[in-house]
Amino acid sequence: MKVRIIKSKKRRKTVTARLEDGVLCVRVPTALSKDKVKLLVERFKKSIKKKKKTQSLKKQDWLVKRAGKLNNEFFGGKLNFVIKWSKNQKRIYGSCSAGLKTIRISSRLVKLPKWVLDYVLLHELAHLIEANHSKSFWRLVNQYKRAERARGYLMGLGFKEENSDEI
Ligand SMILES: [Zn+2]
């Protein structure tokens with residue numbers, strides 16, 4: 001984590017810290033000793049890391065629950081799988097390894113509307129049954145009423161699936 005110390009003569013006692021574009025900016029009074037600043041920075045770093053961890057656990061929890069709900073709704077809860085967010089998928093919205101029963105969803109999708117995300121989850125879940133984009137695959141996916149619209153939405157953003165021209 002990058003840290004920037006900003007000293008201010010105006011400040012007397014207050015120390016503040018916040019993330020600005022991924023940089024931890026700590027504002028301290030000029031009079032504060034180096035050791036004290038170092039200690040404070042460490043403390044801020046720790047608390048930010050803790051917060052990030054909690055947030056990512058929450059996001060993971062949400063993903064598992066959402067996928068579980070779709071599994072129940074569309075596949076009678078029969079599918080077994082592991083689902084994770086993936087940070088290194090830029091233009092790829094998701095991937096499914098049917099053999100390993102592992103689904104990865106791009107963390108960039110977090111901001112998309114939930115109905116689009118549901119489509120992506122359903123698409124990847126369907127790959128656990130049909131590995132390719134066969135007719136029977138699309139039959140499964142198109143059970144989702146907004147499938148067509150979601151495909152258009154993702155296409156508009158330039159997202160595609162791993163190893164696939166289709167979405
Ligand atoms: Zn696919």
# chains A, B, ... in the order shown; residues from 1 in each chain; ligands from 1
call {"tool": "residues_around", "arguments": {"residues": "stretch 16-33 of chain A", "least_positions_apart": "6", "cutoff": "12 Å", "atoms": "only C-alpha atoms", "output": "PyMOL selection string"}}
result
chain A and resi 1-10+39-49+52
call {"tool": "residues_near_ligand", "arguments": {"ligand": "ligand 1", "cutoff": "12 Å", "atoms": "only C-alpha atoms and all ligand atoms", "output": "JSON, numbers by chain"}}
result
{"A": [92, 93, 94, 95, 96, 97, 98, 103, 119, 120, 121, 122, 123, 124, 125, 126, 127, 128, 129, 130, 131, 132, 133, 134, 135, 137, 138, 140, 141, 151, 160, 161, 162, 163, 164, 165, 166, 167]}
call {"tool": "write_last_selection", "arguments": {"atoms": "N, CA and C atoms", "output": "mmCIF file, in the first residue's frame"}}
result
data_model
loop_
_atom_site.group_PDB
_atom_site.id
_atom_site.type_symbol
_atom_site.label_atom_id
_atom_site.label_comp_id
_atom_site.auth_asym_id
_atom_site.auth_seq_id
_atom_site.Cartn_x
_atom_site.Cartn_y
_atom_site.Cartn_z
ATOM 1 N N ILE A 92 -13.356 -10.151 -19.719
ATOM 2 C CA ILE A 92 -14.023 -11.443 -19.630
ATOM 3 C C ILE A 92 -14.956 -11.409 -18.432
ATOM 4 N N TYR A 93 -16.188 -11.800 -18.656
ATOM 5 C CA TYR A 93 -17.119 -11.691 -17.523
ATOM 6 C C TYR A 93 -17.098 -12.902 -16.614
ATOM 7 N N GLY A 94 -16.704 -14.037 -17.192
ATOM 8 C CA GLY A 94 -16.682 -15.208 -16.339
ATOM 9 C C GLY A 94 -16.148 -16.417 -17.063
ATOM 10 N N SER A 95 -15.886 -17.455 -16.303
ATOM 11 C CA SER A 95 -15.453 -18.699 -16.904
ATOM 12 C C SER A 95 -15.910 -19.847 -16.025
ATOM 13 N N CYS A 96 -16.021 -21.000 -16.652
ATOM 14 C CA CYS A 96 -16.462 -22.157 -15.893
ATOM 15 C C CYS A 96 -15.598 -23.333 -16.271
ATOM 16 N N SER A 97 -15.001 -23.949 -15.278
ATOM 17 C CA SER A 97 -14.290 -25.186 -15.539
ATOM 18 C C SER A 97 -15.202 -26.307 -15.066
ATOM 19 N N ALA A 98 -15.867 -26.950 -16.038
ATOM 20 C CA ALA A 98 -16.850 -27.977 -15.681
ATOM 21 C C ALA A 98 -16.168 -29.140 -14.972
ATOM 22 N N ILE A 103 -16.361 -21.996 -10.938
ATOM 23 C CA ILE A 103 -16.820 -20.851 -11.715
ATOM 24 C C ILE A 103 -16.094 -19.614 -11.220
ATOM 25 N N TYR A 119 -27.735 -13.236 -14.927
ATOM 26 C CA TYR A 119 -27.587 -13.893 -16.221
ATOM 27 C C TYR A 119 -26.214 -14.564 -16.328
ATOM 28 N N VAL A 120 -25.179 -13.815 -15.933
ATOM 29 C CA VAL A 120 -23.814 -14.349 -16.010
ATOM 30 C C VAL A 120 -23.682 -15.601 -15.136
ATOM 31 N N LEU A 121 -24.252 -15.518 -13.939
ATOM 32 C CA LEU A 121 -24.175 -16.667 -13.036
ATOM 33 C C LEU A 121 -24.897 -17.867 -13.640
ATOM 34 N N LEU A 122 -26.067 -17.607 -14.162
ATOM 35 C CA LEU A 122 -26.854 -18.676 -14.762
ATOM 36 C C LEU A 122 -26.130 -19.288 -15.967
ATOM 37 N N HIS A 123 -25.537 -18.437 -16.777
ATOM 38 C CA HIS A 123 -24.781 -18.880 -17.948
ATOM 39 C C HIS A 123 -23.658 -19.841 -17.514
ATOM 40 N N GLU A 124 -22.914 -19.429 -16.496
ATOM 41 C CA GLU A 124 -21.794 -20.270 -16.045
ATOM 42 C C GLU A 124 -22.287 -21.531 -15.357
ATOM 43 N N LEU A 125 -23.383 -21.414 -14.621
ATOM 44 C CA LEU A 125 -23.950 -22.609 -13.975
ATOM 45 C C LEU A 125 -24.390 -23.619 -15.030
ATOM 46 N N ALA A 126 -24.984 -23.122 -16.115
ATOM 47 C CA ALA A 126 -25.458 -24.008 -17.177
ATOM 48 C C ALA A 126 -24.294 -24.763 -17.825
ATOM 49 N N HIS A 127 -23.102 -24.150 -17.797
ATOM 50 C CA HIS A 127 -21.930 -24.824 -18.360
ATOM 51 C C HIS A 127 -21.510 -26.039 -17.542
ATOM 52 N N LEU A 128 -21.981 -26.138 -16.325
ATOM 53 C CA LEU A 128 -21.675 -27.329 -15.525
ATOM 54 C C LEU A 128 -22.402 -28.539 -16.112
ATOM 55 N N ILE A 129 -23.485 -28.250 -16.830
ATOM 56 C CA ILE A 129 -24.256 -29.321 -17.466
ATOM 57 C C ILE A 129 -23.851 -29.476 -18.930
ATOM 58 N N GLU A 130 -23.781 -28.329 -19.618
ATOM 59 C CA GLU A 130 -23.407 -28.330 -21.030
ATOM 60 C C GLU A 130 -22.141 -27.486 -21.180
ATOM 61 N N ALA A 131 -21.024 -28.140 -21.480
ATOM 62 C CA ALA A 131 -19.750 -27.424 -21.529
ATOM 63 C C ALA A 131 -19.686 -26.421 -22.683
ATOM 64 N N ASN A 132 -20.377 -26.712 -23.765
ATOM 65 C CA ASN A 132 -20.292 -25.814 -24.928
ATOM 66 C C ASN A 132 -21.570 -24.983 -25.090
ATOM 67 N N HIS A 133 -21.602 -24.227 -26.185
ATOM 68 C CA HIS A 133 -22.793 -23.399 -26.424
ATOM 69 C C HIS A 133 -23.755 -24.101 -27.389
ATOM 70 N N SER A 134 -24.138 -25.274 -27.029
ATOM 71 C CA SER A 134 -25.048 -26.060 -27.864
ATOM 72 C C SER A 134 -26.481 -25.561 -27.707
ATOM 73 N N LYS A 135 -27.375 -26.133 -28.519
ATOM 74 C CA LYS A 135 -28.780 -25.740 -28.423
ATOM 75 C C LYS A 135 -29.334 -26.019 -27.033
ATOM 76 N N PHE A 137 -27.741 -26.085 -24.351
ATOM 77 C CA PHE A 137 -27.181 -25.097 -23.419
ATOM 78 C C PHE A 137 -28.051 -23.840 -23.418
ATOM 79 N N TRP A 138 -28.342 -23.325 -24.611
ATOM 80 C CA TRP A 138 -29.133 -22.095 -24.682
ATOM 81 C C TRP A 138 -30.549 -22.295 -24.155
ATOM 82 N N LEU A 140 -31.285 -24.042 -21.613
ATOM 83 C CA LEU A 140 -31.151 -23.860 -20.150
ATOM 84 C C LEU A 140 -31.057 -22.375 -19.794
ATOM 85 N N VAL A 141 -30.200 -21.680 -20.517
ATOM 86 C CA VAL A 141 -29.947 -20.268 -20.208
ATOM 87 C C VAL A 141 -31.175 -19.403 -20.486
ATOM 88 N N ARG A 151 -27.554 -10.236 -22.417
ATOM 89 C CA ARG A 151 -26.519 -10.461 -23.427
ATOM 90 C C ARG A 151 -26.179 -9.157 -24.137
ATOM 91 N N LYS A 160 -16.931 -10.308 -22.825
ATOM 92 C CA LYS A 160 -17.194 -11.605 -23.420
ATOM 93 C C LYS A 160 -16.757 -12.696 -22.460
ATOM 94 N N GLU A 161 -17.061 -13.911 -22.875
ATOM 95 C CA GLU A 161 -16.718 -15.022 -22.004
ATOM 96 C C GLU A 161 -15.346 -15.572 -22.376
ATOM 97 N N GLU A 162 -14.716 -16.206 -21.421
ATOM 98 C CA GLU A 162 -13.408 -16.767 -21.690
ATOM 99 C C GLU A 162 -13.511 -17.843 -22.775
ATOM 100 N N ASN A 163 -12.552 -17.849 -23.699
ATOM 101 C CA ASN A 163 -12.507 -18.829 -24.787
ATOM 102 C C ASN A 163 -13.789 -18.891 -25.597
ATOM 103 N N SER A 164 -14.440 -17.774 -25.733
ATOM 104 C CA SER A 164 -15.692 -17.815 -26.459
ATOM 105 C C SER A 164 -15.943 -16.508 -27.193
ATOM 106 N N ASP A 165 -16.551 -16.629 -28.356
ATOM 107 C CA ASP A 165 -16.944 -15.427 -29.074
ATOM 108 C C ASP A 165 -18.359 -15.044 -28.714
ATOM 109 N N GLU A 166 -19.058 -16.027 -28.189
ATOM 110 C CA GLU A 166 -20.460 -15.780 -27.855
ATOM 111 C C GLU A 166 -20.590 -15.328 -26.416
ATOM 112 N N ILE A 167 -21.698 -14.640 -26.163
ATOM 113 C CA ILE A 167 -21.985 -14.387 -24.757
ATOM 114 C C ILE A 167 -23.371 -14.907 -24.511
#
call {"tool": "select_by_dssp", "arguments": {"residues": "stretch 13-154 of chain A", "states": "helix (DSSP H, G or I)", "output": "PyMOL selection string"}}
result
chain A and resi 34-75+107-111+114-126+135-141+147-154
call {"tool": "select_by_dssp", "arguments": {"residues": "stretch 72-155 of chain A", "states": "strand (DSSP E)", "output": "PyMOL selection string"}}
result
chain A and resi 82-86+94-97+102-106
call {"tool": "write_last_selection", "arguments": {"atoms": "C-alpha atoms", "output": "PDB file, in the first residue's frame"}}
result
ATOM      1  CA  VAL A  82     -17.296 -23.595  -6.216  1.00  0.00           C
ATOM      2  CA  ILE A  83     -17.760 -19.978  -7.217  1.00  0.00           C
ATOM      3  CA  LYS A  84     -15.281 -17.141  -6.788  1.00  0.00           C
ATOM      4  CA  TRP A  85     -14.688 -13.576  -7.825  1.00  0.00           C
ATOM      5  CA  SER A  86     -11.734 -13.143 -10.084  1.00  0.00           C
ATOM      6  CA  GLY A  94     -16.682 -15.208 -16.339  1.00  0.00           C
ATOM      7  CA  SER A  95     -15.453 -18.699 -16.904  1.00  0.00           C
ATOM      8  CA  CYS A  96     -16.462 -22.157 -15.893  1.00  0.00           C
ATOM      9  CA  SER A  97     -14.290 -25.186 -15.539  1.00  0.00           C
ATOM     10  CA  THR A 102     -15.225 -24.058 -10.532  1.00  0.00           C
ATOM     11  CA  ILE A 103     -16.820 -20.851 -11.715  1.00  0.00           C
ATOM     12  CA  ARG A 104     -14.983 -17.554 -11.794  1.00  0.00           C
ATOM     13  CA  ILE A 105     -16.797 -14.292 -12.116  1.00  0.00           C
ATOM     14  CA  SER A 106     -15.012 -11.062 -12.955  1.00  0.00           C
TER      15      SER A 106
END
call {"tool": "atom_distance", "arguments": {"atom1": "atom CA of A:Val110", "atom2": "atom CA of A:Gly158"}}
result
15.7 Å
